[in-house]
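Data block for structure26.cif (mmCIF, C-alpha atoms):
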data_query
#
loop_
_atom_site.label_atom_id
_atom_site.label_comp_id
_atom_site.auth_asym_id
_atom_site.auth_seq_id
_atom_site.Cartn_x
_atom_site.Cartn_y
_atom_site.Cartn_z
CA MET A 19 92.42 107.55 115.67
CA ALA A 20 95.84 106.24 116.72
CA PRO A 21 98.76 108.71 116.43
CA LEU A 22 100.90 108.26 113.33
CA MET A 23 104.26 108.75 115.04
CA PRO A 24 105.34 106.29 117.76
CA THR A 25 105.90 107.49 121.30
CA VAL A 26 109.50 108.47 122.00
CA GLY A 27 110.62 108.10 125.61
CA THR A 28 112.70 110.90 127.08
CA ASN A 29 113.61 109.34 130.42
CA ILE A 30 117.09 108.01 131.19
CA GLY A 31 116.02 104.41 130.77
CA SER A 32 114.58 105.01 127.33
CA ILE A 33 117.64 106.95 126.15
CA ALA A 34 119.99 104.23 127.39
CA LEU A 35 117.87 101.50 125.80
CA THR A 36 117.67 103.43 122.53
CA SER A 37 121.45 103.80 122.43
CA PHE A 38 121.95 100.08 123.02
CA GLN A 39 119.37 99.16 120.38
CA ILE A 40 121.00 101.37 117.76
CA LEU A 41 124.37 99.76 118.48
CA TYR A 42 122.75 96.32 118.31
CA CYS A 43 121.89 96.94 114.66
CA ALA A 44 125.61 96.42 114.00
CA SER A 45 124.92 92.73 114.65
CA TYR A 46 124.10 92.53 110.93
CA TRP A 47 127.77 92.93 110.02
CA ALA A 48 128.93 90.91 113.02
CA GLU A 49 126.84 87.90 111.99
CA ILE A 50 128.17 88.09 108.45
CA SER A 51 131.82 88.27 109.46
CA SER A 52 131.66 85.90 112.44
CA PRO A 53 128.31 84.16 113.12
CA THR A 54 127.44 83.58 116.76
CA PRO A 55 128.70 80.03 117.44
CA TYR A 56 125.58 77.98 117.97
CA SER A 57 123.41 75.69 115.84
CA ARG A 58 125.21 74.98 112.53
CA PHE A 59 127.92 77.47 113.44
CA ALA A 60 128.77 75.84 116.77
CA LEU A 61 132.46 75.45 117.50
CA PRO A 62 133.79 72.06 118.63
CA PRO A 63 134.49 71.90 122.39
CA THR A 64 138.14 72.21 123.35
CA SER A 65 140.00 69.87 125.69
CA SER A 66 141.03 72.86 127.81
CA SER A 67 137.41 73.70 128.63
CA PRO A 68 135.46 70.43 128.50
CA THR A 69 132.63 71.71 130.70
CA SER A 70 132.05 74.96 128.81
CA SER A 71 129.63 73.35 126.35
CA ILE A 72 126.13 72.10 127.01
CA SER A 73 123.62 70.26 124.86
CA SER A 74 121.97 72.39 122.20
CA ARG A 75 118.53 71.74 123.68
CA SER A 76 119.64 72.92 127.12
CA GLY A 77 121.31 75.94 125.58
CA MET A 78 118.22 76.98 123.65
CA LEU A 79 116.07 76.59 126.76
CA ILE A 80 118.50 78.84 128.63
CA ILE A 81 118.22 81.39 125.81
CA TYR A 82 114.42 81.68 125.79
CA THR A 83 113.24 80.87 129.32
CA PRO A 84 114.42 84.07 131.10
CA ALA A 85 112.68 86.32 128.54
CA LEU A 86 109.53 84.21 128.94
CA LEU A 87 109.65 84.67 132.71
CA VAL A 88 110.27 88.42 132.37
CA SER A 89 107.26 88.71 130.05
CA LEU A 90 105.10 86.69 132.44
CA ILE A 91 106.12 88.87 135.40
CA SER A 92 105.35 91.97 133.35
CA PHE A 93 101.91 90.60 132.50
CA LEU A 94 101.14 89.87 136.15
CA THR A 95 102.39 93.22 137.46
CA SER A 96 101.45 95.64 134.67
CA PRO A 97 99.07 98.49 135.48
CA SER A 98 96.12 99.21 133.19
CA LEU A 99 96.82 102.79 132.21
CA ASN A 100 97.08 102.97 128.43
CA GLY A 101 95.20 99.76 127.69
CA ARG A 102 98.00 97.78 126.01
CA GLU A 103 100.33 96.90 128.87
CA HIS A 104 98.89 93.42 129.28
CA LEU A 105 98.49 92.90 125.53
CA SER A 106 102.13 93.64 124.76
CA SER A 107 103.30 91.40 127.59
CA PHE A 108 100.98 88.64 126.43
CA LEU A 109 102.40 88.77 122.89
CA LEU A 110 105.92 88.23 124.21
CA ILE A 111 104.65 85.39 126.39
CA LEU A 112 103.26 83.79 123.23
CA HIS A 113 106.49 84.39 121.31
CA PHE A 114 108.94 83.05 123.88
CA GLY A 115 106.51 80.40 125.10
CA LYS A 116 106.26 79.10 121.55
CA ARG A 117 110.03 78.95 121.31
CA VAL A 118 110.36 77.05 124.59
CA LEU A 119 107.73 74.53 123.45
CA GLU A 120 109.44 74.12 120.08
CA VAL A 121 112.79 73.50 121.75
CA SER A 122 111.21 70.99 124.12
CA PHE A 123 109.00 69.04 121.72
CA LEU A 124 109.62 69.93 118.05
CA HIS A 125 113.27 70.48 117.29
CA LYS A 126 115.74 67.61 117.24
CA TYR A 127 119.27 68.30 118.42
CA SER A 128 122.53 66.42 118.15
CA GLY A 129 125.16 69.02 118.99
CA THR A 130 126.36 71.32 121.73
CA MET A 131 126.73 75.05 122.28
CA PRO A 132 128.89 77.16 124.60
CA LEU A 133 127.23 77.95 127.92
CA SER A 134 128.67 81.47 127.72
CA ILE A 135 126.93 82.12 124.38
CA ALA A 136 123.61 80.80 125.67
CA SER A 137 123.89 82.98 128.77
CA LEU A 138 124.81 86.07 126.75
CA ILE A 139 121.89 85.70 124.35
CA ALA A 140 119.51 84.91 127.21
CA THR A 141 120.58 88.06 129.05
CA THR A 142 120.16 90.18 125.92
CA TYR A 143 116.67 88.82 125.22
CA ALA A 144 115.53 89.15 128.83
CA ILE A 145 116.83 92.68 129.33
CA THR A 146 115.53 93.88 125.97
CA SER A 147 112.09 92.36 126.56
CA GLY A 148 111.80 93.73 130.07
CA SER A 149 113.05 97.18 129.09
CA VAL A 150 110.70 97.46 126.11
CA LEU A 151 107.73 96.40 128.22
CA LEU A 152 108.64 98.92 130.91
CA GLN A 153 108.98 101.70 128.34
CA GLN A 154 105.64 100.73 126.81
CA ARG A 155 104.02 101.63 130.13
CA THR A 156 105.12 105.24 129.60
CA VAL A 157 102.76 105.66 126.63
CA ALA A 158 100.05 108.00 127.88
CA ALA A 159 97.19 106.68 125.77
CA TYR A 160 96.31 105.01 122.49
CA GLY A 161 93.55 105.85 120.08
CA GLY A 162 91.75 103.73 117.55
CA GLY A 163 90.91 100.73 119.73
CA ILE A 164 92.47 97.27 119.32
CA PRO A 165 95.29 97.19 116.71
CA VAL A 166 93.70 94.41 114.65
CA VAL A 167 96.07 94.60 111.67
CA ALA A 168 99.15 94.45 113.92
CA LEU A 169 97.74 91.48 115.83
CA LEU A 170 96.96 89.63 112.61
CA GLY A 171 100.50 90.33 111.44
CA PHE A 172 101.87 88.91 114.69
CA VAL A 173 99.80 85.72 114.36
CA PHE A 174 100.75 85.38 110.68
CA GLY A 175 104.43 85.74 111.51
CA GLN A 176 104.29 83.21 114.34
CA ALA A 177 102.37 80.71 112.22
CA GLY A 178 104.79 81.04 109.30
CA ASN A 179 107.77 80.73 111.61
CA PHE A 180 106.34 77.60 113.24
CA TYR A 181 105.53 76.00 109.89
CA HIS A 182 109.06 76.44 108.58
CA HIS A 183 110.50 75.24 111.90
CA TYR A 184 108.33 72.14 111.45
CA LEU A 185 109.74 71.61 107.96
CA LEU A 186 113.29 71.90 109.32
CA ALA A 187 112.58 69.52 112.20
CA SER A 188 111.13 66.93 109.82
CA LEU A 189 114.54 66.65 108.16
CA ARG A 190 116.11 65.25 111.33
CA VAL A 191 115.05 61.60 111.61
CA SER A 192 114.37 60.37 115.16
CA GLY A 193 114.64 56.91 116.62
CA THR A 194 112.09 55.16 118.81
CA LYS A 195 113.14 57.11 121.90
CA GLY A 196 113.48 60.48 120.20
CA GLN A 197 117.22 60.31 119.56
CA VAL A 198 118.47 61.87 116.37
CA VAL A 199 119.54 59.02 114.10
CA SER A 200 121.39 61.31 111.70
CA SER A 201 122.96 64.71 112.25
CA ARG A 202 123.56 65.05 108.51
CA TYR A 203 122.23 68.30 107.09
CA VAL A 204 119.67 67.95 104.30
CA LEU A 205 118.44 70.63 101.94
CA PRO A 206 115.05 71.84 103.24
CA SER A 207 112.09 72.02 100.88
CA GLY A 208 108.51 73.20 100.98
CA GLY A 209 107.07 76.51 102.06
CA LEU A 210 109.27 79.43 101.06
CA PHE A 211 112.52 77.47 101.15
CA SER A 212 112.52 77.48 97.35
CA LEU A 213 112.65 81.28 97.39
CA CYS A 214 115.06 82.06 100.23
CA VAL A 215 117.51 80.36 102.56
CA SER A 216 115.93 81.40 105.88
CA PRO A 217 112.18 81.98 105.51
CA HIS A 218 111.67 81.23 109.22
CA TYR A 219 113.70 84.36 109.95
CA PHE A 220 111.47 86.36 107.61
CA PHE A 221 108.33 85.37 109.50
CA GLU A 222 109.96 86.05 112.85
CA VAL A 223 110.79 89.58 111.71
CA ILE A 224 107.15 90.05 110.68
CA SER A 225 106.11 89.11 114.20
CA TRP A 226 108.59 91.50 115.80
CA PHE A 227 107.52 94.48 113.70
CA SER A 228 103.88 93.61 114.37
CA PHE A 229 104.70 93.59 118.07
CA GLY A 230 106.30 97.00 117.59
CA ALA A 231 103.12 98.26 115.95
CA VAL A 232 101.04 97.04 118.90
CA CYS A 233 103.29 98.88 121.37
CA HIS A 234 103.72 101.84 118.97
CA HIS A 235 106.74 102.93 120.95
CA LEU A 236 110.17 103.77 119.51
CA ASN A 237 111.97 101.17 121.64
CA ALA A 238 109.60 98.44 120.48
CA TYR A 239 110.28 99.29 116.84
CA LEU A 240 114.01 99.41 117.51
CA ALA A 241 113.80 95.96 119.13
CA ALA A 242 112.24 94.69 115.91
CA LEU A 243 114.88 96.47 113.81
CA GLY A 244 117.69 95.01 115.89
CA MET A 245 116.26 91.51 115.54
CA ALA A 246 115.86 92.03 111.80
CA CYS A 247 119.50 93.11 111.49
CA TYR A 248 120.72 90.14 113.53
CA LEU A 249 118.68 87.61 111.56
CA ALA A 250 119.49 89.22 108.20
CA GLY A 251 123.22 88.96 108.89
CA ARG A 252 122.81 85.38 110.02
CA SER A 253 120.83 84.55 106.88
CA VAL A 254 123.75 85.79 104.76
CA SER A 255 126.03 83.42 106.67
CA ASN A 256 123.49 80.62 106.19
CA GLN A 257 123.70 81.20 102.42
CA ARG A 258 127.50 81.08 102.53
CA TRP A 259 127.42 77.96 104.70
CA SER A 260 125.06 76.23 102.27
CA GLU A 261 127.30 77.09 99.33
CA ASP A 262 130.20 75.40 101.10
CA LYS A 263 128.15 72.45 102.35
CA PHE A 264 126.15 71.39 99.29
CA ASP A 265 127.50 70.65 95.81
CA GLY A 266 125.61 72.43 93.07
CA TRP A 267 123.97 74.88 95.49
CA LYS A 268 121.89 77.44 93.61
CA ARG A 269 121.93 80.88 95.15
CA LYS A 270 118.61 82.34 96.26
CA LYS A 271 117.51 85.24 98.40
CA ASN A 272 118.81 85.18 101.97
CA MET A 273 115.72 85.96 104.04
CA ILE A 274 113.01 87.94 102.23
CA PRO A 275 111.58 86.34 99.06
CA PHE A 276 112.34 88.31 95.86
CA ILE A 277 113.97 91.15 97.82
CA PHE A 278 116.90 90.18 100.07
#
Structure rendered as structure tokens:
Amino acid sequence: MAPLMPTVGTNIGSIALTSFQILYCASYWAEISSPTPYSRFALPPTSSSPTSSISSRSGMLIIYTPALLVSLISFLTSPSLNGREHLSSFLLILHFGKRVLEVSFLHKYSGTMPLSIASLIATTYAITSGSVLLQQRTVAAYGGGIPVVALLGFVFGQAGNFYHHYLLASLRVSGTKGQVVSSRYVLPSGGLFSLCVSPHYFFEVISWFSFGAVCHHLNAYLAALGMACYLAGRSVSNQRWSEDKFDGWKRKKNMIPFIF
């Protein structure tokens, strides 16, 4: 039977990572007060720094590709000591690989984002992913076999996230060569959009906590908590943005149907 309490690392790396992850939870309030300037919150480029912005598609690829490479390297170099080193790496490969494919083939972009912001987020994702995977190797052993429930939760979260990303992408009409004909924002519908502003965030959080359950290590759970805080704060800003953008906007939950 698997242990109830997650493994808590006591080495310097784990303590440092834990401290950073606890501080990262403050991103909830940071995203409410001043959302990270990309996507709908992107700032217009200034004439004093005309080369500081890149296309949104390039920026999103910069954000996700390093973490994907880190996860792939971890998968190829992981030992087989506790039985889940390769599984945890593979889940992050699926997560970030999915995001890279969505950026490349699903999402439609018309704006720009600061290169500095893309680089900062990319560094955070890559370091966090690599550190969590390294700390997962310190788990001595697992009991209870394959964590089926956690894996099903991960798949469910990824599928729900993809579906709502598809609904969002379908709102941006493309021309014959894939250009975005209109950058006008349209109210999304379908799925859980009738219940909350950012259901795609909700499903992503499900995936992250399911990943944490597979690793069953404190730093993996804290990575999920940090992501939940970041996305929750951003969902509050999405609600506020929608209120300002659309006449007659009816308030709904921010991220979790019926709850938050």
Exercise. Just how far from CA of Glu222 (chain A) is CA of Trp47 (chain A), in Å to one decimal?
Worked result: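 Interatomic distance here is 19.3 Å.
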Problem set entry | Residue nearest Gly115 (chain A) - candidates A:Ala246, A:Leu87, A:Met131, A:Leu99, atoms counted: only C-alpha atoms |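 Of A:Ala246, A:Leu87, A:Met131, A:Leu99, the one nearest Gly115 (chain A) is A:Leu87, counting only C-alpha atoms.
Each of A:Ile30, A:Ala158, A:Val150, A:Val118 was checked against Gly101 (chain A) using only C-alpha atoms; the smallest atom-to-atom distance is that of A:Ala158.
For the atom pair formed by CA of Gln154 (chain A) and CA of Ala168 (chain A), the distance is 15.7 Å, given to one decimal.
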For this session: Excluding Ser207 (chain A) and any residue of its chain fewer than 5 positions from it, enumerate the residues within 9 Å of it, using all atoms listed in the file, and give them as a list in words.
Result: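 Counting only the stated atoms, we get Leu185, Leu186 and Ser212 of chain A.
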Problem set entry | Among listed residues A:Ile274, A:Ile81, A:Leu151, A:Val167, nearest Pro217 (chain A) (using only C-alpha atoms) |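 Checking each candidate against Pro217 (chain A), we get A:Ile274 as the closest.
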For this session: Could you tell me how far CA of Thr130 (chain A) lies from CA of Tyr184 (chain A), in Å and to one decimal?
Result: 20.8 Å
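Nearest to Lys116 (chain A) of all the residues A:Tyr248, A:Tyr82, A:Phe174, A:Trp259 is A:Tyr82, counting all atoms listed in the file.
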Problem set entry | Of the listed residues A:Ser122, A:Ser73, A:Thr142, A:Thr25, that which approaches Gly244 (chain A) most closely, counting only C-alpha atoms |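 The closest residue to Gly244 (chain A) is A:Thr142.
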For this session: Any chance you could resolve the PyMOL selection byres ((chain A and resi 74) around 10) against this file and give the residues as a PyMOL selection string?
Result: chain A and resi 56-57+60+71-73+75-80+121+126-133+136
For this session: Evaluate the PyMOL selection byres ((chain A and resi 37-41) around 9) and record the selected residues as a list in words, following the chain and residue labels used in the document.
Result: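 On the file shown, the PyMOL selection byres ((chain A and resi 37-41) around 9) covers Ser32, Ile33, Ala34, Leu35, Thr36, Tyr42, Cys43, Ala44, Ser45, Thr146, Asn237, Leu240, Ala241, Leu243 and Gly244 of chain A.
Distances here use all atoms listed in the file; by that measure, the residue among A:Ile139, A:Leu213, A:Leu124, A:Leu90 closest to Glu103 (chain A) is A:Leu90.
Against this structure, the PyMOL selection byres ((chain A and resi 268) around 12) ends up with Leu205, Ser212, Leu213, Cys214, Val215, Gln257, Arg258, Ser260, Glu261, Asp262, Lys263, Phe264, Asp265, Gly266, Trp267, Arg269, Lys270, Lys271 and Asn272 of chain A.
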Exercise. Which residues, written as a list in words, have at least one atom at most 8 Å from Cys233 (chain A), with all atoms listed in the file counted and residues fewer than 5 positions away on the same chain left out?
Worked result: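 What passes the distance filter is Arg102, Ser106, Gln154 and Ala238 of chain A.
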Written selection (C-alpha atoms) as a PDB file, keeping the file's coordinate frame:
ATOM      1  CA  ARG A 102      98.000  97.780 126.010  1.00  0.00           C
ATOM      2  CA  SER A 106     102.130  93.640 124.760  1.00  0.00           C
ATOM      3  CA  GLN A 154     105.640 100.730 126.810  1.00  0.00           C
ATOM      4  CA  ALA A 238     109.600  98.440 120.480  1.00  0.00           C
TER       5      ALA A 238
END
For this session: Determine, counting all atoms listed in the file, which protein, DNA and RNA residues have an atom within 10 Å of an atom of His113 (chain A); residues of the same chain fewer than 2 positions away are not included. Present the result as a ChimeraX atom specification.
Result: /A:82,85-86,89,107-111,115-118,172-173,176,222,225-226,229
Problem set entry | Selection: 8 Å around Val88 (chain A), all atoms listed in the file, excl. self and same-chain fewer than 6 positions, as an MDAnalysis selection string | chainID A and resid 144 147:148
All heavy atoms of region 27-40 of chain A, written as a tab-separated table (two decimals), in the first residue's frame:
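Saved as part-v2.tsv:
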chain	number	residue	atom	x	y	z
A	27	GLY	N	11.70	16.00	1.01
A	27	GLY	CA	13.15	16.02	0.84
A	27	GLY	C	13.81	16.87	1.92
A	27	GLY	O	13.28	17.91	2.32
A	28	THR	N	14.95	16.43	2.37
A	28	THR	CA	15.69	17.17	3.40
A	28	THR	C	17.05	17.66	2.91
A	28	THR	O	17.80	18.25	3.69
A	28	THR	CB	15.90	16.28	4.65
A	28	THR	OG1	16.59	15.08	4.26
A	28	THR	CG2	14.57	15.92	5.28
A	29	ASN	N	17.35	17.45	1.63
A	29	ASN	CA	18.61	17.95	1.11
A	29	ASN	C	18.50	19.44	0.78
A	29	ASN	O	17.41	20.02	0.77
A	29	ASN	CB	19.03	17.14	-0.13
A	29	ASN	CG	17.97	17.16	-1.22
A	29	ASN	OD1	17.63	18.20	-1.76
A	29	ASN	ND2	17.42	15.98	-1.53
A	30	ILE	N	19.64	20.06	0.53
A	30	ILE	CA	19.68	21.50	0.27
A	30	ILE	C	18.82	21.88	-0.94
A	30	ILE	O	18.10	22.88	-0.91
A	30	ILE	CB	21.14	21.97	0.06
A	30	ILE	CG1	21.95	21.75	1.33
A	30	ILE	CG2	21.16	23.44	-0.35
A	30	ILE	CD1	21.47	22.55	2.53
A	31	GLY	N	18.90	21.06	-1.97
A	31	GLY	CA	18.13	21.36	-3.18
A	31	GLY	C	16.63	21.37	-2.90
A	31	GLY	O	15.90	22.25	-3.38
A	32	SER	N	16.17	20.40	-2.14
A	32	SER	CA	14.74	20.32	-1.84
A	32	SER	C	14.30	21.48	-0.97
A	32	SER	O	13.22	22.06	-1.18
A	32	SER	CB	14.43	19.00	-1.14
A	32	SER	OG	13.06	18.90	-0.83
A	33	ILE	N	15.11	21.85	0.01
A	33	ILE	CA	14.76	22.97	0.89
A	33	ILE	C	14.70	24.27	0.09
A	33	ILE	O	13.77	25.09	0.26
A	33	ILE	CB	15.77	23.08	2.04
A	33	ILE	CG1	15.68	21.84	2.94
A	33	ILE	CG2	15.54	24.35	2.84
A	33	ILE	CD1	16.74	21.78	4.00
A	34	ALA	N	15.66	24.48	-0.79
A	34	ALA	CA	15.67	25.69	-1.61
A	34	ALA	C	14.47	25.72	-2.54
A	34	ALA	O	13.81	26.76	-2.70
A	34	ALA	CB	16.97	25.77	-2.40
A	35	LEU	N	14.17	24.58	-3.16
A	35	LEU	CA	13.03	24.50	-4.07
A	35	LEU	C	11.73	24.73	-3.32
A	35	LEU	O	10.85	25.45	-3.80
A	35	LEU	CB	13.01	23.15	-4.78
A	35	LEU	CG	11.85	22.90	-5.74
A	35	LEU	CD1	11.84	23.93	-6.86
A	35	LEU	CD2	11.93	21.48	-6.33
A	36	THR	N	11.62	24.14	-2.13
A	36	THR	CA	10.41	24.32	-1.32
A	36	THR	C	10.20	25.78	-0.97
A	36	THR	O	9.08	26.30	-1.05
A	36	THR	CB	10.50	23.48	-0.03
A	36	THR	OG1	10.62	22.08	-0.39
A	36	THR	CG2	9.26	23.67	0.83
A	37	SER	N	11.27	26.47	-0.59
A	37	SER	CA	11.18	27.89	-0.26
A	37	SER	C	10.69	28.70	-1.44
A	37	SER	O	9.81	29.57	-1.32
A	37	SER	CB	12.53	28.41	0.23
A	37	SER	OG	12.97	27.69	1.36
A	38	PHE	N	11.26	28.43	-2.62
A	38	PHE	CA	10.85	29.14	-3.83
A	38	PHE	C	9.39	28.86	-4.14
A	38	PHE	O	8.62	29.77	-4.50
A	38	PHE	CB	11.73	28.74	-5.01
A	38	PHE	CG	11.22	29.19	-6.35
A	38	PHE	CD1	11.35	30.51	-6.74
A	38	PHE	CD2	10.57	28.30	-7.20
A	38	PHE	CE1	10.86	30.94	-7.97
A	38	PHE	CE2	10.08	28.72	-8.43
A	38	PHE	CZ	10.22	30.05	-8.81
A	39	GLN	N	8.97	27.61	-4.02
A	39	GLN	CA	7.60	27.24	-4.36
A	39	GLN	C	6.59	27.89	-3.42
A	39	GLN	O	5.50	28.28	-3.85
A	39	GLN	CB	7.45	25.72	-4.35
A	39	GLN	CG	8.19	25.04	-5.49
A	39	GLN	CD	8.12	23.53	-5.40
A	39	GLN	OE1	8.32	22.94	-4.34
A	39	GLN	NE2	7.84	22.88	-6.51
A	40	ILE	N	6.94	27.99	-2.16
A	40	ILE	CA	6.04	28.66	-1.21
A	40	ILE	C	5.90	30.13	-1.57
A	40	ILE	O	4.79	30.69	-1.56
A	40	ILE	CB	6.55	28.48	0.23
A	40	ILE	CG1	6.44	27.00	0.65
A	40	ILE	CG2	5.77	29.36	1.20
A	40	ILE	CD1	7.06	26.70	1.99
